[in-house]
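Each remark here refers to the structure printed beneath this line.
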Amino acid sequence: MKLFRDCPLLVGIGATAIILSVMSMALKDTVYADIGGGAEGPDEPAIARVFKAASMGIYPWSSGKEPDESFSIEEVPQAEEQTPVDESPEEASSQDLQQEDADISGNSSFDISGNSSGYDISGNSAEEPVYEFTDVDDDYFTDALFIGDSRTVGLSEYCEALDTRATFYAKVSLTIYDCMSKEFIKTDDGKINVETALEQQQFGKIYIMLGINEIGTGNAEYFKEAYSGVIDRIRELQPDAIIYIQGIMHVTEDKSSKDKYFTNENINERNEAISQLANNRDIFYLDMNEVVDDGNGNLDRSLSFDDVHLKASSYERWHEFLLHNGIIR
(Lines give C-alpha, C1' and ligand atoms only; values in the text may rest on other atoms or scores of the structure.)
Protein backbone atom coordinates (compact mmCIF):
# COMPACT_ATOMS: atom_id res chain seq x y z
CA MET A 1 0.00 0.00 0.00
CA LYS A 2 2.84 2.37 0.77
CA LEU A 3 4.24 1.86 -2.77
CA PHE A 4 0.82 2.61 -4.25
CA ARG A 5 0.56 5.83 -2.22
CA ASP A 6 4.09 6.97 -2.99
CA CYS A 7 4.36 5.87 -6.65
CA PRO A 8 0.86 5.47 -8.10
CA LEU A 9 2.11 6.12 -11.64
CA LEU A 10 4.76 3.39 -11.41
CA VAL A 11 2.23 0.89 -10.06
CA GLY A 12 -0.19 1.83 -12.84
CA ILE A 13 2.45 1.32 -15.52
CA GLY A 14 3.42 -2.05 -14.10
CA ALA A 15 -0.18 -3.21 -13.91
CA THR A 16 -0.83 -2.07 -17.47
CA ALA A 17 2.23 -3.91 -18.73
CA ILE A 18 1.07 -7.12 -17.05
CA ILE A 19 -2.43 -6.79 -18.50
CA LEU A 20 -1.12 -6.16 -22.01
CA SER A 21 1.31 -9.08 -21.78
CA VAL A 22 -1.46 -11.45 -20.68
CA MET A 23 -3.69 -10.13 -23.44
CA SER A 24 -0.94 -10.67 -26.03
CA MET A 25 -0.41 -14.29 -24.97
CA ALA A 26 -4.15 -15.00 -24.90
CA LEU A 27 -4.72 -13.63 -28.42
CA LYS A 28 -1.45 -14.73 -30.07
CA ASP A 29 -3.18 -17.47 -32.08
CA THR A 30 -6.23 -15.41 -33.08
CA VAL A 31 -6.16 -11.63 -33.40
CA TYR A 32 -2.34 -11.49 -33.30
CA ALA A 33 -1.74 -14.64 -35.37
CA ASP A 34 -0.32 -12.72 -38.36
CA ILE A 35 1.93 -10.39 -36.37
CA GLY A 36 5.43 -11.50 -37.38
CA GLY A 37 8.38 -11.12 -35.12
CA GLY A 38 10.82 -9.87 -37.75
CA ALA A 39 13.42 -11.73 -39.73
CA GLU A 40 14.81 -13.52 -36.73
CA GLY A 41 11.45 -15.00 -35.80
CA PRO A 42 8.68 -14.18 -33.32
CA ASP A 43 10.71 -14.46 -30.11
CA GLU A 44 10.09 -11.08 -28.49
CA PRO A 45 8.44 -9.72 -25.32
CA ALA A 46 4.73 -10.49 -25.43
CA ILE A 47 3.83 -6.88 -24.78
CA ALA A 48 5.72 -5.84 -27.95
CA ARG A 49 3.19 -7.74 -30.05
CA VAL A 50 0.37 -5.55 -28.69
CA PHE A 51 2.13 -2.30 -29.60
CA LYS A 52 3.21 -3.63 -33.03
CA ALA A 53 -0.37 -4.69 -33.75
CA ALA A 54 -1.70 -1.30 -32.64
CA SER A 55 0.67 0.43 -35.09
CA MET A 56 -0.93 -1.70 -37.80
CA GLY A 57 -4.48 -0.83 -36.77
CA ILE A 58 -5.10 -4.21 -35.09
CA TYR A 59 -6.62 -4.16 -31.58
CA PRO A 60 -7.81 -6.90 -29.17
CA TRP A 61 -11.35 -6.44 -30.46
CA SER A 62 -10.26 -6.76 -34.13
CA SER A 63 -11.32 -9.77 -36.19
CA GLY A 64 -7.79 -11.03 -36.83
CA LYS A 65 -7.86 -10.29 -40.57
CA GLU A 66 -5.00 -8.87 -42.59
CA PRO A 67 -3.34 -5.84 -41.00
CA ASP A 68 -3.48 -2.30 -42.26
CA GLU A 69 -1.10 -1.86 -45.19
CA SER A 70 0.79 0.94 -43.47
CA PHE A 71 2.63 -1.63 -41.37
CA SER A 72 6.27 -2.20 -42.23
CA ILE A 73 8.28 -5.10 -40.84
CA GLU A 74 11.86 -4.13 -40.12
CA GLU A 75 14.43 -5.22 -42.67
CA VAL A 76 16.20 -8.49 -42.02
CA PRO A 77 18.84 -7.62 -39.39
CA GLN A 78 22.43 -8.58 -39.99
CA ALA A 79 24.16 -10.73 -37.41
CA GLU A 80 27.04 -8.92 -35.77
CA GLU A 81 29.52 -11.60 -36.67
CA GLN A 82 28.56 -11.47 -40.35
CA THR A 83 29.82 -9.10 -43.02
CA PRO A 84 27.46 -6.09 -43.22
CA VAL A 85 25.74 -5.32 -46.50
CA ASP A 86 27.55 -2.02 -46.91
CA GLU A 87 31.04 -3.49 -46.40
CA SER A 88 33.47 -3.24 -49.26
CA PRO A 89 33.33 -5.91 -51.99
CA GLU A 90 36.86 -7.01 -51.12
CA GLU A 91 35.89 -7.82 -47.54
CA ALA A 92 32.50 -9.29 -48.33
CA SER A 93 33.75 -11.67 -51.01
CA SER A 94 35.90 -13.86 -48.78
CA GLN A 95 34.49 -17.03 -50.30
CA ASP A 96 34.76 -17.81 -54.01
CA LEU A 97 31.54 -18.05 -56.02
CA GLN A 98 30.54 -21.58 -56.81
CA GLN A 99 30.39 -21.95 -60.56
CA GLU A 100 27.87 -24.77 -60.64
CA ASP A 101 24.68 -24.27 -62.63
CA ALA A 102 21.67 -23.09 -60.64
CA ASP A 103 18.26 -24.62 -61.18
CA ILE A 104 15.27 -22.51 -62.08
CA SER A 105 13.17 -21.98 -58.96
CA GLY A 106 9.84 -22.61 -60.62
CA ASN A 107 8.04 -19.77 -58.86
CA SER A 108 6.42 -18.17 -61.86
CA SER A 109 3.45 -19.35 -63.86
CA PHE A 110 5.63 -19.35 -66.97
CA ASP A 111 9.20 -20.38 -67.68
CA ILE A 112 11.90 -17.75 -68.04
CA SER A 113 14.95 -19.33 -69.58
CA GLY A 114 17.40 -16.57 -68.81
CA ASN A 115 18.87 -16.71 -72.31
CA SER A 116 18.31 -14.97 -75.60
CA SER A 117 16.71 -17.89 -77.37
CA GLY A 118 13.55 -15.92 -78.07
CA TYR A 119 11.12 -17.78 -75.81
CA ASP A 120 7.59 -16.41 -76.38
CA ILE A 121 6.25 -15.05 -73.10
CA SER A 122 3.53 -12.76 -74.37
CA GLY A 123 0.45 -14.94 -74.22
CA ASN A 124 -1.28 -12.26 -76.27
CA SER A 125 -3.66 -12.62 -79.16
CA ALA A 126 -2.49 -12.58 -82.76
CA GLU A 127 -3.40 -8.91 -83.05
CA GLU A 128 -1.11 -7.87 -80.21
CA PRO A 129 2.69 -7.63 -80.45
CA VAL A 130 4.70 -10.58 -79.20
CA TYR A 131 7.60 -9.64 -76.95
CA GLU A 132 10.57 -11.87 -76.23
CA PHE A 133 13.23 -11.62 -73.55
CA THR A 134 16.52 -10.84 -75.23
CA ASP A 135 20.10 -9.82 -74.48
CA VAL A 136 20.78 -6.15 -73.84
CA ASP A 137 23.88 -4.16 -72.95
CA ASP A 138 24.46 -1.92 -69.96
CA ASP A 139 23.30 1.19 -71.79
CA TYR A 140 19.82 -0.35 -71.73
CA PHE A 141 19.64 0.77 -68.09
CA THR A 142 20.39 4.45 -68.72
CA ASP A 143 16.69 5.30 -68.40
CA ALA A 144 15.93 2.57 -65.84
CA LEU A 145 14.69 2.94 -62.26
CA PHE A 146 15.15 0.33 -59.52
CA ILE A 147 12.75 0.37 -56.56
CA GLY A 148 13.51 -1.94 -53.64
CA ASP A 149 14.70 -2.64 -50.12
CA SER A 150 18.17 -3.46 -48.77
CA ARG A 151 18.77 -6.10 -51.42
CA THR A 152 18.37 -3.46 -54.12
CA VAL A 153 20.50 -1.09 -52.06
CA GLY A 154 23.21 -3.74 -52.33
CA LEU A 155 22.75 -3.93 -56.10
CA SER A 156 23.44 -0.20 -56.37
CA GLU A 157 26.44 -0.37 -54.05
CA TYR A 158 28.17 -3.37 -55.60
CA CYS A 159 27.22 -3.15 -59.29
CA GLU A 160 28.96 -0.13 -60.75
CA ALA A 161 27.62 -0.75 -64.25
CA LEU A 162 24.07 -0.22 -63.00
CA ASP A 163 24.78 2.41 -60.37
CA THR A 164 26.46 4.72 -62.89
CA ARG A 165 23.59 4.43 -65.37
CA ALA A 166 20.31 3.68 -63.61
CA THR A 167 18.40 5.54 -60.90
CA PHE A 168 17.81 3.82 -57.56
CA TYR A 169 14.91 4.54 -55.20
CA ALA A 170 15.94 1.93 -52.65
CA LYS A 171 15.94 1.95 -48.87
CA VAL A 172 16.54 -0.55 -46.08
CA SER A 173 13.20 -1.82 -44.67
CA LEU A 174 11.13 -0.53 -47.60
CA THR A 175 7.93 -2.51 -48.21
CA ILE A 176 5.20 -2.63 -50.82
CA TYR A 177 2.92 -0.99 -48.26
CA ASP A 178 4.98 2.18 -47.79
CA CYS A 179 7.18 2.35 -50.91
CA MET A 180 5.12 5.12 -52.52
CA SER A 181 4.57 7.26 -49.42
CA LYS A 182 7.79 7.02 -47.37
CA GLU A 183 9.93 10.12 -47.85
CA PHE A 184 13.53 9.01 -48.32
CA ILE A 185 14.62 10.32 -51.74
CA LYS A 186 17.01 13.23 -51.23
CA THR A 187 16.56 16.38 -53.31
CA ASP A 188 17.86 19.94 -53.04
CA ASP A 189 14.57 20.87 -51.36
CA GLY A 190 14.52 17.99 -48.89
CA LYS A 191 13.30 14.41 -48.96
CA ILE A 192 10.40 13.30 -51.15
CA ASN A 193 8.57 10.03 -51.69
CA VAL A 194 8.55 7.78 -54.76
CA GLU A 195 5.17 9.02 -55.94
CA THR A 196 6.34 12.62 -56.00
CA ALA A 197 9.62 11.63 -57.68
CA LEU A 198 7.74 9.76 -60.41
CA GLU A 199 5.71 12.88 -61.10
CA GLN A 200 8.91 14.80 -61.76
CA GLN A 201 10.87 12.39 -63.98
CA GLN A 202 9.92 9.83 -66.63
CA PHE A 203 11.68 6.47 -66.98
CA GLY A 204 11.84 3.93 -69.79
CA LYS A 205 12.03 0.89 -67.49
CA ILE A 206 11.07 0.39 -63.85
CA TYR A 207 12.32 -2.64 -61.89
CA ILE A 208 10.66 -3.52 -58.57
CA MET A 209 11.83 -6.01 -55.95
CA LEU A 210 9.94 -5.82 -52.67
CA GLY A 211 8.48 -8.44 -50.36
CA ILE A 212 11.03 -9.90 -47.95
CA ASN A 213 10.10 -7.49 -45.16
CA GLU A 214 6.38 -8.16 -45.62
CA ILE A 215 6.56 -11.94 -45.16
CA GLY A 216 5.11 -11.74 -41.64
CA THR A 217 2.25 -9.47 -42.73
CA GLY A 218 -1.01 -10.81 -44.12
CA ASN A 219 -1.07 -13.52 -46.77
CA ALA A 220 -0.12 -13.85 -50.43
CA GLU A 221 -3.43 -12.47 -51.70
CA TYR A 222 -3.20 -9.43 -49.42
CA PHE A 223 0.35 -8.83 -50.63
CA LYS A 224 -0.75 -9.19 -54.26
CA GLU A 225 -3.53 -6.62 -53.82
CA ALA A 226 -1.13 -4.09 -52.34
CA TYR A 227 1.39 -4.80 -55.10
CA SER A 228 -1.31 -4.36 -57.74
CA GLY A 229 -2.20 -0.96 -56.29
CA VAL A 230 1.43 0.16 -56.53
CA ILE A 231 1.69 -1.07 -60.13
CA ASP A 232 -1.52 0.76 -61.06
CA ARG A 233 -0.25 4.02 -59.59
CA ILE A 234 3.14 3.70 -61.28
CA ARG A 235 1.39 3.05 -64.58
CA GLU A 236 -0.64 6.26 -64.12
CA LEU A 237 2.51 8.27 -63.46
CA GLN A 238 4.74 6.46 -65.99
CA PRO A 239 2.47 5.48 -68.90
CA ASP A 240 5.31 4.69 -71.32
CA ALA A 241 7.60 2.70 -69.00
CA ILE A 242 8.18 -1.05 -69.14
CA ILE A 243 7.54 -2.35 -65.63
CA TYR A 244 9.50 -5.38 -64.42
CA ILE A 245 8.13 -7.22 -61.39
CA GLN A 246 11.08 -9.05 -59.89
CA GLY A 247 10.29 -12.12 -57.83
CA ILE A 248 11.36 -12.02 -54.20
CA MET A 249 14.82 -13.52 -53.74
CA HIS A 250 14.90 -16.74 -51.71
CA VAL A 251 16.63 -17.26 -48.37
CA THR A 252 19.01 -20.14 -47.65
CA GLU A 253 17.79 -23.60 -46.67
CA ASP A 254 19.06 -23.07 -43.13
CA LYS A 255 17.06 -19.85 -42.75
CA SER A 256 13.95 -21.28 -44.39
CA SER A 257 13.91 -24.42 -42.24
CA LYS A 258 14.31 -22.60 -38.93
CA ASP A 259 12.09 -19.54 -39.31
CA LYS A 260 8.32 -19.48 -38.94
CA TYR A 261 7.74 -16.70 -41.47
CA PHE A 262 10.81 -16.33 -43.66
CA THR A 263 10.46 -19.58 -45.55
CA ASN A 264 10.94 -20.22 -49.23
CA GLU A 265 7.47 -21.75 -49.31
CA ASN A 266 6.00 -18.38 -48.28
CA ILE A 267 8.25 -16.59 -50.77
CA ASN A 268 7.16 -18.92 -53.58
CA GLU A 269 3.48 -18.36 -52.79
CA ARG A 270 3.92 -14.61 -53.01
CA ASN A 271 6.02 -14.82 -56.15
CA GLU A 272 3.31 -16.92 -57.80
CA ALA A 273 0.75 -14.30 -56.78
CA ILE A 274 2.59 -11.27 -58.13
CA SER A 275 3.62 -13.08 -61.32
CA GLN A 276 -0.07 -12.98 -62.23
CA LEU A 277 0.08 -9.17 -62.36
CA ALA A 278 2.22 -9.32 -65.51
CA ASN A 279 0.30 -8.68 -68.73
CA ASN A 280 3.34 -9.36 -70.95
CA ARG A 281 2.73 -6.17 -72.91
CA ASP A 282 4.15 -3.48 -70.65
CA ILE A 283 4.41 -5.39 -67.34
CA PHE A 284 6.72 -8.42 -67.18
CA TYR A 285 7.67 -10.87 -64.43
CA LEU A 286 11.32 -11.75 -63.83
CA ASP A 287 12.58 -14.40 -61.40
CA MET A 288 16.29 -13.97 -60.76
CA ASN A 289 16.26 -16.84 -58.24
CA GLU A 290 17.35 -19.15 -61.03
CA VAL A 291 20.85 -17.65 -60.97
CA VAL A 292 21.33 -17.56 -57.18
CA ASP A 293 19.54 -20.74 -56.08
CA ASP A 294 21.11 -24.06 -55.16
CA GLY A 295 19.70 -27.23 -56.70
CA ASN A 296 16.79 -27.35 -54.24
CA GLY A 297 15.16 -23.95 -54.69
CA ASN A 298 16.99 -22.20 -51.84
CA LEU A 299 19.42 -19.29 -51.92
CA ASP A 300 22.89 -20.77 -52.41
CA ARG A 301 24.59 -20.49 -49.01
CA SER A 302 27.96 -19.72 -50.61
CA LEU A 303 26.52 -16.55 -52.17
CA SER A 304 25.16 -15.07 -48.93
CA PHE A 305 26.83 -13.76 -45.79
CA ASP A 306 23.74 -13.90 -43.54
CA ASP A 307 21.32 -16.37 -45.21
CA VAL A 308 19.23 -13.48 -46.57
CA HIS A 309 21.43 -10.95 -48.39
CA LEU A 310 23.97 -11.50 -51.16
CA LYS A 311 27.69 -11.03 -50.73
CA ALA A 312 29.11 -8.07 -52.59
CA SER A 313 30.67 -10.34 -55.22
CA SER A 314 27.40 -12.22 -55.76
CA TYR A 315 25.49 -9.23 -57.13
CA GLU A 316 27.11 -9.76 -60.52
CA ARG A 317 24.84 -12.77 -60.99
CA TRP A 318 21.81 -10.53 -60.65
CA HIS A 319 23.34 -8.03 -63.07
CA GLU A 320 24.06 -10.73 -65.65
CA PHE A 321 20.53 -12.08 -65.35
CA LEU A 322 19.12 -8.63 -66.17
CA LEU A 323 21.42 -8.36 -69.18
CA HIS A 324 19.92 -11.60 -70.55
CA ASN A 325 16.31 -10.66 -69.86
CA GLY A 326 15.48 -7.34 -71.46
CA ILE A 327 12.44 -6.37 -73.48
CA ILE A 328 12.88 -4.27 -76.61
CA ARG A 329 9.73 -2.57 -77.94
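Ordering of the C-alpha coordinates sets the chain letters (A, B, ...), residue numbers begin anew at 1 in every chain, and ligands are numbered from 1 in the order given.
Residues in contact range of range 158-167 of chain A, defined as at most 8 Å between only C-alpha atoms, with sequence neighbours fewer than 5 positions away removed, read Pro89, Asp138, Asp139, Phe141, Thr142, Asp143, Ala144, Leu145, Phe146, Ala312, Ser313, Tyr315, Glu316 and His319 of chain A.
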**Report entry** Backbone-only DSSP, alpha helix (DSSP H) members of range 255-325 of chain A, as a PyMOL selection string
**Finding:** chain A and resi 255-258+264-275+315-323
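Here CA of Tyr285 in chain A and CA of His309 in chain A stand 21.1 Å from one another.
Comparing the minimum interatomic distances between Ile245 in chain A and each of A:Ala220, A:Arg233, A:Ile283, A:Lys258, counting only C-alpha atoms, we find that A:Ile283 sits nearest.
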**Report entry** Straight-line distance linking CA of Asn298 in chain A with CA of His324 in chain A, stated in Å to one decimal
**Finding:** 21.7 Å
Query - Exercise: Gly148 in chain A partners within 7 Å, only C-alpha atoms, chain neighbours under 5 positions left out, as a list in words - result: Tyr169, Ala170, Lys171, Leu174, Ile208, Met209 and Leu210 of chain A
Find the residues around Leu322 in chain A up to 9 Å (only C-alpha atoms counted), leave out those fewer than 6 positions away in its own chain, and share them as a PDB file with all heavy atoms, in the first residue's frame.
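Output (part-v6.pdb):
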ATOM      1  N   GLY A 114      16.193 -17.305 -69.152  1.00  0.00           N
ATOM      2  CA  GLY A 114      17.400 -16.568 -68.809  1.00  0.00           C
ATOM      3  C   GLY A 114      18.376 -16.479 -69.957  1.00  0.00           C
ATOM      4  O   GLY A 114      19.517 -16.072 -69.766  1.00  0.00           O
ATOM      5  N   ASP A 135      18.888 -10.413 -75.056  1.00  0.00           N
ATOM      6  CA  ASP A 135      20.098  -9.819 -74.482  1.00  0.00           C
ATOM      7  C   ASP A 135      20.113  -8.313 -74.717  1.00  0.00           C
ATOM      8  O   ASP A 135      19.699  -7.829 -75.774  1.00  0.00           O
ATOM      9  CB  ASP A 135      21.344 -10.426 -75.126  1.00  0.00           C
ATOM     10  CG  ASP A 135      21.588 -11.855 -74.689  1.00  0.00           C
ATOM     11  OD1 ASP A 135      20.977 -12.283 -73.689  1.00  0.00           O
ATOM     12  OD2 ASP A 135      22.378 -12.553 -75.346  1.00  0.00           O
ATOM     13  N   VAL A 136      20.586  -7.587 -73.731  1.00  0.00           N
ATOM     14  CA  VAL A 136      20.778  -6.146 -73.841  1.00  0.00           C
ATOM     15  C   VAL A 136      22.156  -5.819 -73.295  1.00  0.00           C
ATOM     16  O   VAL A 136      22.811  -6.655 -72.669  1.00  0.00           O
ATOM     17  CB  VAL A 136      19.690  -5.364 -73.052  1.00  0.00           C
ATOM     18  CG1 VAL A 136      18.309  -5.637 -73.624  1.00  0.00           C
ATOM     19  CG2 VAL A 136      19.731  -5.728 -71.565  1.00  0.00           C
ATOM     20  N   LEU A 286       9.976 -11.195 -63.776  1.00  0.00           N
ATOM     21  CA  LEU A 286      11.323 -11.750 -63.828  1.00  0.00           C
ATOM     22  C   LEU A 286      11.622 -12.474 -62.524  1.00  0.00           C
ATOM     23  O   LEU A 286      11.342 -11.950 -61.442  1.00  0.00           O
ATOM     24  CB  LEU A 286      12.366 -10.636 -64.016  1.00  0.00           C
ATOM     25  CG  LEU A 286      12.393  -9.882 -65.344  1.00  0.00           C
ATOM     26  CD1 LEU A 286      13.425  -8.771 -65.283  1.00  0.00           C
ATOM     27  CD2 LEU A 286      12.694 -10.831 -66.493  1.00  0.00           C
ATOM     28  N   MET A 288      14.840 -13.821 -60.748  1.00  0.00           N
ATOM     29  CA  MET A 288      16.287 -13.965 -60.763  1.00  0.00           C
ATOM     30  C   MET A 288      16.774 -15.070 -59.821  1.00  0.00           C
ATOM     31  O   MET A 288      17.971 -15.345 -59.745  1.00  0.00           O
ATOM     32  CB  MET A 288      16.957 -12.634 -60.397  1.00  0.00           C
ATOM     33  CG  MET A 288      16.530 -12.008 -59.077  1.00  0.00           C
ATOM     34  SD  MET A 288      17.271 -12.716 -57.590  1.00  0.00           S
ATOM     35  CE  MET A 288      18.930 -12.142 -57.777  1.00  0.00           C
TER      36      MET A 288
END
